[in-house]
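Data block for protein.cif (mmCIF, C-alpha atoms):
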data_model
#
loop_
_atom_site.label_atom_id
_atom_site.label_comp_id
_atom_site.auth_asym_id
_atom_site.auth_seq_id
_atom_site.Cartn_x
_atom_site.Cartn_y
_atom_site.Cartn_z
CA MET A 1 68.36 98.89 91.39
CA PHE A 2 71.82 97.50 90.64
CA THR A 3 74.10 97.35 87.61
CA GLY A 4 75.83 93.97 87.92
CA ILE A 5 79.25 95.56 88.52
CA ILE A 6 80.65 93.84 91.59
CA GLU A 7 82.20 96.13 94.20
CA GLU A 8 83.64 93.64 96.65
CA LEU A 9 84.05 89.97 97.46
CA GLY A 10 82.58 89.53 100.92
CA THR A 11 83.06 86.60 103.28
CA VAL A 12 80.17 84.72 104.87
CA GLU A 13 80.56 84.55 108.64
CA VAL A 14 77.21 83.03 109.61
CA LEU A 15 74.17 81.58 107.89
CA ASP A 16 71.69 80.41 110.49
CA LEU A 17 69.11 78.38 108.60
CA GLY A 18 67.44 77.42 111.88
CA ALA A 19 66.31 80.97 112.51
CA ASP A 20 62.98 82.26 111.17
CA PRO A 21 63.78 83.97 108.88
CA ALA A 22 67.29 82.68 108.21
CA ALA A 23 70.02 85.04 109.41
CA LEU A 24 73.01 85.87 107.19
CA ARG A 25 76.10 87.76 108.39
CA ILE A 26 78.81 88.91 105.97
CA ARG A 27 82.17 90.61 106.45
CA SER A 28 82.78 93.28 103.81
CA PRO A 29 84.36 96.59 104.83
CA ARG A 30 84.19 98.31 101.45
CA VAL A 31 80.47 98.07 100.66
CA LEU A 32 79.56 99.30 104.14
CA GLU A 33 80.71 102.81 103.26
CA GLY A 34 77.61 105.00 103.33
CA ILE A 35 75.32 102.09 104.25
CA ALA A 36 72.53 102.52 106.81
CA LEU A 37 69.96 100.14 108.24
CA GLY A 38 67.30 99.39 105.65
CA ASP A 39 69.60 99.91 102.67
CA SER A 40 69.92 97.25 99.97
CA ILE A 41 72.95 95.15 99.06
CA ALA A 42 72.94 92.47 96.34
CA VAL A 43 74.52 89.18 97.45
CA ASN A 44 75.34 86.95 94.47
CA GLY A 45 72.66 88.87 92.60
CA CYS A 46 69.98 88.67 95.29
CA CYS A 47 68.77 91.94 96.80
CA LEU A 48 68.85 91.83 100.63
CA THR A 49 68.00 94.47 103.22
CA VAL A 50 70.62 95.42 105.81
CA THR A 51 69.26 94.72 109.31
CA ALA A 52 72.41 95.35 111.36
CA VAL A 53 75.92 96.74 110.97
CA VAL A 54 78.68 95.90 113.46
CA GLY A 55 82.22 96.97 112.60
CA GLU A 56 83.08 95.48 109.22
CA THR A 57 80.16 93.04 109.23
CA TRP A 58 76.50 93.40 108.32
CA SER A 59 73.46 91.19 108.63
CA ALA A 60 70.34 90.44 106.61
CA ASP A 61 67.26 88.26 106.99
CA VAL A 62 66.68 85.69 104.24
CA ILE A 63 63.09 84.52 103.99
CA ALA A 64 62.04 81.03 102.89
CA THR A 65 60.93 82.10 99.40
CA THR A 66 64.37 83.63 98.76
CA LEU A 67 66.14 80.48 99.94
CA ALA A 68 63.95 78.40 97.61
CA ALA A 69 64.58 80.59 94.56
CA THR A 70 68.35 81.18 94.92
CA THR A 71 71.60 79.48 95.89
CA LEU A 72 71.93 81.47 99.14
CA GLY A 73 70.85 78.49 101.22
CA THR A 74 73.98 76.58 100.15
CA LEU A 75 76.39 79.18 101.56
CA ARG A 76 78.74 78.17 104.36
CA PRO A 77 81.03 80.16 106.68
CA GLY A 78 84.14 81.20 104.76
CA ASP A 79 82.43 81.24 101.36
CA ARG A 80 83.06 84.32 99.21
CA VAL A 81 80.11 86.21 97.76
CA ASN A 82 79.69 88.92 95.12
CA LEU A 83 78.47 92.20 96.62
CA GLU A 84 77.06 95.38 95.12
CA ARG A 85 75.36 98.36 96.74
CA CYS A 86 72.29 99.77 95.06
CA VAL A 87 73.14 102.23 92.30
CA ARG A 88 73.20 105.98 92.97
CA ALA A 89 71.19 108.21 90.66
CA ASP A 90 74.15 110.58 90.30
CA GLY A 91 76.64 107.90 89.25
CA ARG A 92 77.63 106.13 86.04
CA LEU A 93 75.34 103.27 85.01
CA ASP A 94 77.78 100.52 84.04
CA GLY A 95 76.62 96.99 83.31
CA HIS A 96 72.86 96.86 82.77
CA ILE A 97 69.65 97.30 84.77
CA VAL A 98 69.58 94.61 87.47
CA GLN A 99 66.86 94.45 90.12
CA GLY A 100 68.36 91.86 92.41
CA HIS A 101 65.31 89.64 91.84
CA VAL A 102 66.64 86.20 90.91
CA ASP A 103 64.65 84.56 88.10
CA GLY A 104 66.09 81.07 88.52
CA VAL A 105 69.12 78.91 89.25
CA GLY A 106 71.24 77.81 86.31
CA GLU A 107 73.83 75.03 86.11
CA ILE A 108 77.43 75.35 84.92
CA LEU A 109 77.91 72.79 82.16
CA SER A 110 81.50 73.49 81.12
CA ARG A 111 84.50 75.82 81.38
CA ASP A 112 86.85 76.26 78.44
CA GLU A 113 89.91 78.47 77.97
CA GLN A 114 90.26 80.16 74.58
CA ASP A 115 92.78 82.91 73.78
CA GLY A 116 92.86 84.35 77.30
CA THR A 117 89.09 84.17 77.76
CA THR A 118 87.19 81.68 79.90
CA LEU A 119 84.03 80.47 78.18
CA LEU A 120 81.35 79.44 80.64
CA ARG A 121 78.46 77.36 79.33
CA LEU A 122 75.28 77.40 81.40
CA ARG A 123 71.96 75.60 81.31
CA LEU A 124 69.05 77.97 81.94
CA PRO A 125 66.00 76.79 83.87
CA GLY A 126 62.85 76.31 81.81
CA GLY A 127 61.30 79.42 80.33
CA LEU A 128 64.19 81.85 80.76
CA SER A 129 65.88 81.35 77.40
CA ARG A 130 63.19 83.38 75.62
CA TYR A 131 64.47 86.50 77.42
CA VAL A 132 68.09 85.96 76.36
CA VAL A 133 69.60 86.98 73.01
CA PRO A 134 73.15 86.89 71.60
CA LYS A 135 75.11 89.99 72.72
CA GLY A 136 72.35 90.76 75.24
CA SER A 137 72.83 91.01 79.00
CA LEU A 138 72.49 88.34 81.68
CA ALA A 139 73.28 88.65 85.39
CA VAL A 140 75.07 85.56 86.73
CA ASP A 141 75.53 85.54 90.51
CA GLY A 142 74.94 89.28 90.29
CA VAL A 143 77.63 89.86 87.64
CA SER A 144 76.53 91.71 84.48
CA LEU A 145 77.71 89.62 81.52
CA THR A 146 77.27 89.63 77.75
CA VAL A 147 75.83 86.55 76.07
CA ALA A 148 78.25 85.17 73.48
CA ALA A 149 75.94 82.47 72.12
CA ILE A 150 72.68 80.71 72.89
CA ASP A 151 71.45 77.31 71.75
CA GLY A 152 68.09 76.30 73.15
CA ASP A 153 68.38 76.47 76.95
CA GLU A 154 72.20 76.59 76.89
CA VAL A 155 74.04 79.91 77.04
CA THR A 156 77.73 80.68 76.60
CA ILE A 157 79.34 83.72 78.20
CA GLY A 158 82.92 84.95 78.06
CA LEU A 159 84.81 85.94 81.21
CA ILE A 160 87.85 88.20 81.03
CA PRO A 161 90.65 87.85 83.63
CA GLU A 162 89.41 90.96 85.49
CA THR A 163 86.01 89.36 86.07
CA LEU A 164 87.57 86.07 87.14
CA GLU A 165 89.73 87.87 89.70
CA ARG A 166 87.14 90.23 91.16
CA THR A 167 84.12 87.88 91.40
CA THR A 168 83.27 84.36 92.53
CA LEU A 169 82.97 83.24 88.90
CA GLY A 170 86.69 82.57 88.88
CA THR A 171 86.19 79.63 91.25
CA ARG A 172 82.81 78.33 90.12
CA ALA A 173 83.05 74.66 89.09
CA VAL A 174 81.19 72.53 86.56
CA GLY A 175 77.97 71.24 88.08
CA GLU A 176 77.49 74.15 90.48
CA GLY A 177 74.38 76.29 90.53
CA VAL A 178 74.38 80.03 89.82
CA ASP A 179 71.73 82.69 90.41
CA LEU A 180 70.38 84.17 87.18
CA GLU A 181 68.48 87.36 86.41
CA VAL A 182 67.39 88.12 82.86
CA ASP A 183 66.88 91.59 81.43
CA VAL A 184 63.69 92.99 82.98
CA LEU A 185 63.06 95.10 79.87
CA ALA A 186 62.52 91.91 77.86
CA LYS A 187 59.85 90.77 80.33
CA TYR A 188 58.04 94.10 80.10
CA VAL A 189 58.10 94.00 76.29
CA GLU A 190 56.69 90.47 76.32
CA LYS A 191 53.78 91.48 78.55
CA LEU A 192 53.00 94.74 76.75
CA THR A 193 53.01 93.16 73.29
CA ALA A 194 51.09 90.00 74.24
CA GLY A 195 48.21 89.50 71.83
CA LEU A 196 49.32 92.26 69.47
CA LEU A 197 50.46 89.95 66.68
CA PRO A 198 47.69 89.37 64.10
CA ALA A 199 46.39 85.86 63.58
CA GLY A 200 48.69 83.84 61.35
CA ALA A 201 51.68 86.12 61.88
CA PRO A 202 55.06 84.36 62.29
CA GLU A 203 56.28 83.92 65.86
CA ALA A 204 59.25 85.89 67.18
CA VAL A 205 62.68 84.56 66.22
CA THR A 206 64.22 82.49 69.01
CA GLY A 207 67.61 83.18 70.54
CA SER A 208 69.18 80.12 68.93
CA GLU A 209 67.94 81.18 65.51
CA GLN A 210 69.30 84.69 65.98
CA GLY A 211 72.71 83.28 66.76
CA ARG A 212 72.98 81.32 63.51
#
Spit out the file's structure as structure tokens when you get a sec.
Amino acid sequence: MFTGIIEELGTVEVLDLGADPAALRIRSPRVLEGIALGDSIAVNGCCLTVTAVVGETWSADVIATTLAATTLGTLRPGDRVNLERCVRADGRLDGHIVQGHVDGVGEILSRDEQDGTTLLRLRLPGGLSRYVVPKGSLAVDGVSLTVAAIDGDEVTIGLIPETLERTTLGTRAVGEGVDLEVDVLAKYVEKLTAGLLPAGAPEAVTGSEQGR
């Protein structure tokens, strides 16, 4: 489990897409503290298992289903990535509950500067908007963020200067894809309450209606 609080910006050294599975090597001295083989590290919000540690670099295998569901396959040597070690049970739980299981790839539609805050507008892939509510949590490239507004499949989030400086979101451009993970608690609630509404009962209020 993760929290969406980024610990370090790592640097991609190698992504061998010709290997089976694909082999990813990242340089990141800070997150390697206390890491052993088999431990988990989230890369841009995607949970990967450490397969090797050499000096200040570590490696992970990236299977085909992960490449298909995330933006990891677009990484190139020199790219920066958001990194977070799995959360310790004896530590503070900042951010929100993040599993490192990417639900889909969103698209950056616009970036606007307002009163020292960068507003990022994203398009969510089909079906994810029902799990997102105003002032709720959304992990974007592994970063825990608060939803400022939602209109249909479009979500607006606010980024403070600290987030822009410490994560890759400071350099993300319009048109780029980002890995998204919605709040897992919302998915559990949906499954557990399925079929509980009596016939003729009004449907749940949508995110866009809540934001009005």
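Distances from A:Ala19, A:Ala68, A:Ala42, A:Leu180 to A:Val87 were compared using all atoms listed in the file, and the smallest one belongs to A:Ala42.
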>> Which residues, named as in the file, does the PyMOL selection byres ((chain A and resi 142) around 8) pick out? Answer as a ChimeraX atom specification.
In response: /A:4-6,42-46,82-83,100,139-141,143-144,179-181
> Do you know which residues are at most 6 Å from stretch 147-164 of chain A counting only C-alpha atoms, after dropping those on the same chain fewer than 5 positions away, and could you put them as a ChimeraX atom specification?
Replying inline: /A:117-124,129,134-136,169-170,208
File dump, residues just selected, C-alpha atoms, as a CSV table (one decimal), keeping the file's coordinate frame:
chain,number,residue,atom,x,y,z
A,117,THR,CA,89.1,84.2,77.8
A,118,THR,CA,87.2,81.7,79.9
A,119,LEU,CA,84.0,80.5,78.2
A,120,LEU,CA,81.4,79.4,80.6
A,121,ARG,CA,78.5,77.4,79.3
A,122,LEU,CA,75.3,77.4,81.4
A,123,ARG,CA,72.0,75.6,81.3
A,124,LEU,CA,69.0,78.0,81.9
A,129,SER,CA,65.9,81.4,77.4
A,134,PRO,CA,73.2,86.9,71.6
A,135,LYS,CA,75.1,90.0,72.7
A,136,GLY,CA,72.4,90.8,75.2
A,169,LEU,CA,83.0,83.2,88.9
A,170,GLY,CA,86.7,82.6,88.9
A,208,SER,CA,69.2,80.1,68.9
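Comparing the minimum interatomic distances between A:Gly126 and each of A:Val50, A:Thr146, A:Leu75, A:Asp103, counting all atoms listed in the file, we find that A:Asp103 sits nearest.
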> Given the file above and the PyMOL selection byres ((chain A and resi 28) around 10), which residues are selected, and can you give them as JSON, numbers by chain?
Replying inline: {"A": [8, 9, 10, 11, 12, 25, 26, 27, 29, 30, 31, 32, 33, 55, 56, 57, 58, 81, 83]}
>> Between atom CA of A:Glu13 and atom CA of A:Gly95, what distance in Å does the model show, to one decimal?
In response: 28.5 Å
> Do you have the atom CA of A:Val62-atom CA of A:Ala22 distance handy?
Replying inline: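 The value is 5.0 Å.
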>> As an exercise, work out the distance from atom CA of A:Asp79 to atom CA of A:Ser110 in Å and give it to one decimal place.
In response: 21.7 Å
> Nearest to A:Val184: which of A:Val102, A:Ala36, A:Leu72, A:Leu145 is it, counting all atoms listed in the file?
Replying inline: A:Val102
Taking every listed atom of stretch 79-84 of chain A and adding 6 Å to each side, what centre and edge lengths in Å (one decimal) does the axis-aligned box have, as lines of an AutoDock Vina configuration file?
center_x = 80.1
center_y = 88.3
center_z = 98.2
size_x = 18.0
size_y = 26.1
size_z = 18.2
>> For this structure, which residues satisfy the selection - the PyMOL selection byres ((chain A and resi 86) around 7) - when it is evaluated on the file as given? I want them as an MDAnalysis selection string.
In response: chainID A and resid 1:2 40:41 84:85 87:88
